[in-house]
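Colleague: Dumping the structure here so I can ask a few things about it.
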Amino acid sequence: MSETSKNQRRKTASTGRKTTGKKSGAKKRLTREERARKNRNRIILIVVEVFVLIMLMIALYVVSLYKKIDHENIDESQIVINDGLEDLDENGNLITTNEGVSTGHMSGYRNVALFGLDARDKSLGKGNRSDTIIIASINEQTKEVKLVSVYRDTYLNLGNDSYGKANSAYAKGGALQGINMLNMNMDLNIKDYVTVGWAGVADTIDALGGVEIDVDKSEIEHLNNYQVETSKSLGKSYNRVTNTGLQNLDGIQAVSYCRIRYTAGDDFKRTERQREVIQAILDKAKKADFATLNRAANTIFEEISTSLTFTEILDLLKDVNNYSISATDGFPNEQYRTTGMVHGGSTVMSTDMLSDVKLLHQFLFENTGDYTPSSQVQTIAAKVHADTGA
C-alpha cells in the first residue's frame, strides 16, 4: 500500500471519529431538573388547553340557553325614570333632579321588575294581567336581595297618566308600561324586567325536584281547590296535599299555594306566599347538583321573557350561590294600607303615599340621605288621594 493511500485512510478515520463525537454530543441526556421542567411546561399547557375547552363549552351552553329566551330589547328612551332628570352616574343611576330629589342612594343596586302573569298558556306579552308584581333590589356589593310586592289591586298611575289597578299596566302596555308604572309612582330607576307565567314556575319547581313549604291548616283546602284549575290550565295531573306542616311541594302544588287568597290576610298574605316560594326556589337551587340545575335552566329559559342581555344574565348567574334574600315587604306598606271601592271595584290604596314611597326607599336602600319624593310622585299622590278618598 502506498504512503498516500495510508494517509488518506488515516484522514478518513480521523474525520469519522470527529463526526461520531458530534453525534454523541447531540444525544446527550437531559438532566433531572431539565426533564422535570419540561414535564411541568407540558402539564401547564395541557391544563390551559383543558380550561379553555371547558370555558368554551360553558359559553356555548349558555348561548344555547339564551337563544330559548323570549328576549325583548326595551328602548330605554321610552322608560320613564323621573321627569326632572338632570344627570345619571356611570351605572345609569339617577343622581339629582330639578325637583330637589336626590336618588344617588340607588347607586350600587340593580333594580329589576319581576312580573308573574295570570296566563293559562305560555303567552307572556301584553294582554295578560300581572297578578304578581315584585321589585327585586340587588345590592351589587353584598349580593343581598330585597323583594317588595306591589299589590295587584293598588290604585296607581298606570305609567301613562291614566289611573287604575296596578296589574292592568302590564295588560295594556306590556313590560315597558309595567316598568314605567313602578318608576313613576315610586321614584325608581328600573330598566329591566323578568316575566314568567304559571307554566314556567311549575316546570322549574318540578325540574328542581320540588320546594320545601310549610302548609298550615287554613291553607290546605284552598291549595287543593286551586290545584284543580291550575292542573287543567297547564295540562298536567295533580296530587292532593293530605298533610299540613313542612313538606316538599311539586310544581302544581306550589303554584296553587301561591294563588291562595281566601285565608286571613287575603291578597296581602297571598303575596307573602309568593315571596316564600321564591325563597324556597333559591334555597333549592343552591343545593342542587349540576344535572338538576341543567334541567331547571333548560326549563325556565324557555318559559320566561326578559330585557336582560346575554352579558347581564352571565353576570347574574356567576354569583348565584352568593345571593340571599335578606328581607321582603309589600307596597303600600301595612301602616299606610287600606282598601275600598273605587270606580265600582275593590281597590288597595295608600293613606299617605308620599310617606309610603319614602319608607319604600328606606327599606330597599340603606342610605337614602335626604331623599324627598319628586314633584311627579307628589302630583300622582294628590291624584290618588283625590280619586280614592284615602
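Labeling convention for the C-alpha cells: chains A, B, ... as they appear, residues from 1 per chain, ligands from 1 in order of appearance.
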Hey, what's within 10 Å of Ser324 of chain A if we count only C-alpha atoms and toss same-chain stuff fewer than 5 positions away? As a ChimeraX atom specification, please?
Modeller: /A:138,142-146,279,282-283
Colleague: Run DSSP on the backbone and tell me which residues of segment 241-299 of chain A come out as helix (DSSP H, G or I); list them as a PyMOL selection string.
Modeller: chain A and resi 251-259+266-287+290-299
Colleague: Considering only C-alpha atoms, state which residue in the set A:Arg295, A:His105, A:Arg32, A:Ala171 is at the smallest distance from Tyr371 of chain A.
Modeller: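 Between A:Arg295, A:His105, A:Arg32, A:Ala171, the residue approaching Tyr371 of chain A most closely is A:His105.
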Colleague: Please, which residues of segment 170-330 of chain A, numbered as in this document, come out strand (DSSP E) from DSSP, as a list in words?
Modeller: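 The residues of segment 170-330 of chain A classed as strand (DSSP E) are Asp192, Tyr193, Val194, Thr195, Val196, Gly197, Val211, Glu212, Ile213, Asp214, Val215, Gly245, Leu246, Gln247, Asn248, Leu249, Ile304, Ser305, Thr306, Ser324, Ile325, Ser326, Ala327, Thr328, Asp329 and Gly330 of chain A.
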Colleague: May I have the selected residues written with N, CA and C atoms, as an mmCIF file, in the first residue's frame?
Modeller:
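Wrote selection07.cif, looks like this:
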data_model
loop_
_atom_site.group_PDB
_atom_site.id
_atom_site.type_symbol
_atom_site.label_atom_id
_atom_site.label_comp_id
_atom_site.auth_asym_id
_atom_site.auth_seq_id
_atom_site.Cartn_x
_atom_site.Cartn_y
_atom_site.Cartn_z
ATOM 1 N N ASP A 192 -84.945 47.003 33.663
ATOM 2 C CA ASP A 192 -85.024 45.619 33.209
ATOM 3 C C ASP A 192 -86.151 44.871 33.909
ATOM 4 N N TYR A 193 -86.586 43.794 33.285
ATOM 5 C CA TYR A 193 -87.683 43.003 33.832
ATOM 6 C C TYR A 193 -87.455 41.532 33.537
ATOM 7 N N VAL A 194 -88.125 40.693 34.304
ATOM 8 C CA VAL A 194 -88.231 39.262 34.019
ATOM 9 C C VAL A 194 -89.696 38.887 34.205
ATOM 10 N N THR A 195 -90.282 38.242 33.210
ATOM 11 C CA THR A 195 -91.688 37.833 33.269
ATOM 12 C C THR A 195 -91.796 36.319 33.170
ATOM 13 N N VAL A 196 -92.654 35.752 33.985
ATOM 14 C CA VAL A 196 -92.887 34.303 33.958
ATOM 15 C C VAL A 196 -94.374 34.044 34.188
ATOM 16 N N GLY A 197 -94.866 32.975 33.601
ATOM 17 C CA GLY A 197 -96.265 32.573 33.803
ATOM 18 C C GLY A 197 -96.351 31.372 34.720
ATOM 19 N N VAL A 211 -90.134 22.032 46.149
ATOM 20 C CA VAL A 211 -89.643 23.018 47.116
ATOM 21 C C VAL A 211 -90.264 22.757 48.485
ATOM 22 N N GLU A 212 -89.526 23.113 49.520
ATOM 23 C CA GLU A 212 -89.991 22.896 50.890
ATOM 24 C C GLU A 212 -90.876 24.061 51.350
ATOM 25 N N ILE A 213 -92.135 23.763 51.650
ATOM 26 C CA ILE A 213 -93.097 24.779 52.080
ATOM 27 C C ILE A 213 -93.852 24.268 53.308
ATOM 28 N N ASP A 214 -94.080 25.162 54.250
ATOM 29 C CA ASP A 214 -94.836 24.826 55.460
ATOM 30 C C ASP A 214 -96.306 25.179 55.224
ATOM 31 N N VAL A 215 -97.145 24.181 55.054
ATOM 32 C CA VAL A 215 -98.573 24.371 54.777
ATOM 33 C C VAL A 215 -99.352 24.267 56.081
ATOM 34 N N GLY A 245 -97.970 21.080 57.642
ATOM 35 C CA GLY A 245 -96.582 21.111 58.099
ATOM 36 C C GLY A 245 -95.597 21.239 56.949
ATOM 37 N N LEU A 246 -94.307 21.260 57.274
ATOM 38 C CA LEU A 246 -93.249 21.404 56.283
ATOM 39 C C LEU A 246 -93.184 20.164 55.398
ATOM 40 N N GLN A 247 -93.253 20.376 54.082
ATOM 41 C CA GLN A 247 -93.250 19.248 53.149
ATOM 42 C C GLN A 247 -92.795 19.704 51.772
ATOM 43 N N ASN A 248 -92.469 18.748 50.932
ATOM 44 C CA ASN A 248 -91.987 19.028 49.581
ATOM 45 C C ASN A 248 -93.172 19.138 48.625
ATOM 46 N N LEU A 249 -93.373 20.328 48.043
ATOM 47 C CA LEU A 249 -94.464 20.543 47.098
ATOM 48 C C LEU A 249 -93.934 20.485 45.672
ATOM 49 N N ILE A 304 -89.593 32.143 30.004
ATOM 50 C CA ILE A 304 -89.532 33.493 30.562
ATOM 51 C C ILE A 304 -89.359 34.496 29.437
ATOM 52 N N SER A 305 -89.709 35.727 29.753
ATOM 53 C CA SER A 305 -89.439 36.856 28.860
ATOM 54 C C SER A 305 -88.630 37.858 29.672
ATOM 55 N N THR A 306 -87.599 38.441 29.078
ATOM 56 C CA THR A 306 -86.758 39.373 29.826
ATOM 57 C C THR A 306 -86.090 40.364 28.896
ATOM 58 N N SER A 324 -78.630 36.099 48.572
ATOM 59 C CA SER A 324 -79.506 35.719 49.683
ATOM 60 C C SER A 324 -80.611 36.758 49.802
ATOM 61 N N ILE A 325 -81.828 36.284 50.005
ATOM 62 C CA ILE A 325 -82.957 37.203 50.196
ATOM 63 C C ILE A 325 -82.955 37.621 51.659
ATOM 64 N N SER A 326 -82.581 38.871 51.902
ATOM 65 C CA SER A 326 -82.408 39.331 53.277
ATOM 66 C C SER A 326 -83.687 39.886 53.891
ATOM 67 N N ALA A 327 -84.615 40.361 53.061
ATOM 68 C CA ALA A 327 -85.848 40.937 53.617
ATOM 69 C C ALA A 327 -86.899 41.056 52.523
ATOM 70 N N THR A 328 -88.170 40.993 52.916
ATOM 71 C CA THR A 328 -89.276 41.166 51.968
ATOM 72 C C THR A 328 -90.333 42.069 52.601
ATOM 73 N N ASP A 329 -91.115 42.718 51.756
ATOM 74 C CA ASP A 329 -92.164 43.621 52.251
ATOM 75 C C ASP A 329 -93.191 43.818 51.144
ATOM 76 N N GLY A 330 -94.149 44.688 51.406
ATOM 77 C CA GLY A 330 -95.187 44.967 50.426
ATOM 78 C C GLY A 330 -95.415 46.458 50.275
#
Colleague: What's the separation between atom CA of Gly210 of chain A and atom CA of Val277 of chain A, in Å to one decimal place?
Modeller: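 Computing the Euclidean distance for atom CA of Gly210 of chain A and atom CA of Val277 of chain A yields 10.4 Å.
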Colleague: Need the shell around Ile252 of chain A: protein/DNA/RNA residues with any atom at most 9 Å away, counting only C-alpha atoms. Skip same-chain ones fewer than 6 positions apart. Format as an NGL selection string?
Modeller: :A and (198-199 or 201-203 or 205-206 or 227 or 230-231 or 234 or 236-239)
Colleague: By how many Å are atom CA of Gln335 of chain A and atom CA of His361 of chain A apart?
Modeller: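 We find that atom CA of Gln335 of chain A and atom CA of His361 of chain A lie 15.4 Å from each other.
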Colleague: Closest to Leu308 of chain A among A:Gln78, A:Asn185, A:Thr351, A:Asn111, using only C-alpha atoms?
Modeller: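 Answer, going by the shortest atom-to-atom distance: A:Asn111.
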Colleague: Name the closest residue to Phe115 of chain A among the candidates A:Ile81, A:Leu158, A:Ala166, A:Ala175; distances are taken between atoms, counting only C-alpha atoms.
Modeller: A:Ala175
Colleague: In Å, rounded to a single decimal, give me how far atom CA of Leu176 of chain A is from atom CA of Ile74 of chain A.
Modeller: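 Here the two named atoms are 6.9 Å from each other.
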Colleague: Need the shell around Leu317 of chain A: protein/DNA/RNA residues with any atom at most 12 Å away, counting only C-alpha atoms. Skip same-chain ones fewer than 6 positions apart. Format as an NGL selection string?
Modeller: :A and (62 or 143 or 285-286 or 293 or 297 or 308 or 310-311 or 323)
Colleague: Keeping only N, CA, C and O atoms, write those residues as a CSV table (one decimal), in the first residue's frame.
Modeller:
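Wrote again35.csv, looks like this:
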chain,number,residue,atom,x,y,z
A,62,VAL,N,-74.4,28.2,27.6
A,62,VAL,CA,-75.2,29.4,28.0
A,62,VAL,C,-75.8,30.1,26.8
A,62,VAL,O,-77.0,30.5,26.8
A,143,LYS,N,-74.5,41.3,47.6
A,143,LYS,CA,-75.4,40.3,46.9
A,143,LYS,C,-76.6,40.0,47.7
A,143,LYS,O,-77.3,39.0,47.5
A,285,ALA,N,-82.1,25.7,44.6
A,285,ALA,CA,-81.2,25.8,43.5
A,285,ALA,C,-79.7,25.8,44.1
A,285,ALA,O,-78.8,25.2,43.4
A,286,LYS,N,-79.5,26.4,45.2
A,286,LYS,CA,-78.2,26.5,45.8
A,286,LYS,C,-77.7,25.1,46.2
A,286,LYS,O,-76.5,24.9,46.2
A,293,LEU,N,-79.6,21.4,38.1
A,293,LEU,CA,-79.6,22.8,37.6
A,293,LEU,C,-79.7,22.9,36.1
A,293,LEU,O,-80.4,23.8,35.6
A,297,ALA,N,-82.6,25.0,34.3
A,297,ALA,CA,-82.2,26.1,33.3
A,297,ALA,C,-82.8,25.9,32.0
A,297,ALA,O,-83.4,26.8,31.4
A,308,LEU,N,-83.1,41.5,29.9
A,308,LEU,CA,-81.7,41.3,30.3
A,308,LEU,C,-80.9,40.8,29.1
A,308,LEU,O,-81.3,39.9,28.4
A,310,PHE,N,-77.5,39.0,27.2
A,310,PHE,CA,-76.7,37.8,27.5
A,310,PHE,C,-75.6,38.0,28.5
A,310,PHE,O,-75.4,37.3,29.4
A,311,THR,N,-74.9,39.2,28.4
A,311,THR,CA,-73.8,39.5,29.3
A,311,THR,C,-74.4,39.7,30.7
A,311,THR,O,-73.8,39.3,31.7
A,323,TYR,N,-76.1,34.9,46.4
A,323,TYR,CA,-77.3,35.7,46.6
A,323,TYR,C,-78.1,35.2,47.8
A,323,TYR,O,-78.1,34.0,48.1
Colleague: Taking into account only C-alpha atoms, which residue in the set A:Asn333, A:Ser77, A:Asn157, A:Gln274 is nearest to Ile133 of chain A?
Modeller: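 Closest residue, counting only C-alpha atoms: A:Gln274.
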Colleague: Need the shell around Gln141 of chain A: protein/DNA/RNA residues with any atom at most 12 Å away, counting only C-alpha atoms. Skip same-chain ones fewer than 5 positions apart. Format as JSON, numbers by chain?
Modeller: {"A": [107, 108, 109, 110, 319, 322, 323]}
Colleague: What would the file look like if the residues just selected were written as a compact mmCIF listing (two decimals), in the first residue's frame with N, CA, C and O atoms?
Modeller:
# COMPACT_ATOMS: atom_id res chain seq x y z
N SER A 107 -77.40 54.10 43.73
CA SER A 107 -76.16 53.66 43.10
C SER A 107 -75.62 52.44 43.82
O SER A 107 -75.60 52.37 45.05
N GLY A 108 -75.20 51.43 43.05
CA GLY A 108 -74.70 50.19 43.66
C GLY A 108 -75.76 49.14 43.81
O GLY A 108 -75.49 48.05 44.35
N TYR A 109 -76.98 49.46 43.35
CA TYR A 109 -78.08 48.49 43.41
C TYR A 109 -78.59 48.22 41.99
O TYR A 109 -78.70 49.14 41.19
N ARG A 110 -78.88 46.97 41.71
CA ARG A 110 -79.55 46.62 40.45
C ARG A 110 -81.01 46.35 40.77
O ARG A 110 -81.34 45.43 41.53
N ASP A 319 -72.80 34.68 40.20
CA ASP A 319 -72.84 34.94 41.64
C ASP A 319 -74.05 34.30 42.31
O ASP A 319 -74.37 34.64 43.45
N ASN A 322 -74.03 33.24 45.87
CA ASN A 322 -73.79 34.29 46.87
C ASN A 322 -75.04 35.10 47.20
O ASN A 322 -75.05 35.86 48.16
N TYR A 323 -76.08 34.94 46.38
CA TYR A 323 -77.29 35.72 46.62
C TYR A 323 -78.06 35.18 47.82
O TYR A 323 -78.13 33.98 48.06
Colleague: Can you tell me which residues surround Arg337 of chain A at a distance of at most 7 Å, considering only C-alpha atoms, apart from same-chain residues fewer than 5 positions away, and format the answer as a PyMOL selection string?
Modeller: chain A and resi 332+349-351
Colleague: Taking N, CA, C and O atoms for each residue, export the selection above as a CSV table (one decimal), in the first residue's frame.
Modeller:
chain,number,residue,atom,x,y,z
A,332,PRO,N,-98.7,49.1,49.0
A,332,PRO,CA,-98.4,50.0,50.1
A,332,PRO,C,-98.0,49.3,51.4
A,332,PRO,O,-98.4,48.1,51.6
A,349,MET,N,-105.3,50.9,48.5
A,349,MET,CA,-104.8,52.3,48.4
A,349,MET,C,-103.9,52.7,49.5
A,349,MET,O,-104.0,52.0,50.6
A,350,SER,N,-103.1,53.7,49.3
A,350,SER,CA,-102.3,54.2,50.4
A,350,SER,C,-102.9,55.4,51.0
A,350,SER,O,-103.3,56.3,50.3
A,351,THR,N,-102.9,55.5,52.3
A,351,THR,CA,-103.5,56.6,53.0
A,351,THR,C,-102.5,57.8,53.1
A,351,THR,O,-102.9,58.9,53.3
Colleague: Any chance you could tabulate, as a Markdown table, the residues of segment 278-361 of chain A at most 12 Å from segment 372-389 of chain A with each one's nearest atom pair and distance in Å to one decimal, using only C-alpha atoms, in chain and rising number order?
Modeller:
| residue | atom | partner | partner_atom | distance |
| --- | --- | --- | --- | --- |
| A:Thr338 | CA | A:Thr388 | CA | 10.3 |
| A:Thr339 | CA | A:Thr388 | CA | 9.4 |
| A:Gly340 | CA | A:Thr388 | CA | 7.8 |
| A:Met341 | CA | A:Thr388 | CA | 7.8 |
| A:Val342 | CA | A:Thr388 | CA | 6.0 |
| A:His343 | CA | A:Asp387 | CA | 8.9 |
| A:Gly344 | CA | A:Thr388 | CA | 11.3 |
| A:Gly345 | CA | A:Thr388 | CA | 11.1 |
| A:Ser346 | CA | A:Thr388 | CA | 10.8 |
| A:Thr347 | CA | A:Thr388 | CA | 8.7 |
| A:Val348 | CA | A:Thr388 | CA | 9.3 |
| A:Met349 | CA | A:Thr388 | CA | 7.3 |
| A:Ser350 | CA | A:His385 | CA | 8.0 |
| A:Thr351 | CA | A:His385 | CA | 7.4 |
| A:Asp352 | CA | A:Ala381 | CA | 8.0 |
| A:Met353 | CA | A:Ala381 | CA | 5.6 |
| A:Leu354 | CA | A:Pro373 | CA | 6.5 |
| A:Ser355 | CA | A:Pro373 | CA | 8.7 |
| A:Asp356 | CA | A:Pro373 | CA | 9.9 |
| A:Val357 | CA | A:Pro373 | CA | 7.1 |
| A:Lys358 | CA | A:Pro373 | CA | 6.9 |
| A:Leu359 | CA | A:Pro373 | CA | 10.6 |
| A:Leu360 | CA | A:Pro373 | CA | 10.9 |
| A:His361 | CA | A:Pro373 | CA | 9.7 |
Colleague: Please provide the set of residues having any atom within 9 Å of Ile79 of chain A, restricted to only C-alpha atoms, with same-chain residues fewer than 5 positions apart removed, written as a ChimeraX atom specification.
Modeller: /A:74,176-177,179-180,183,189-191
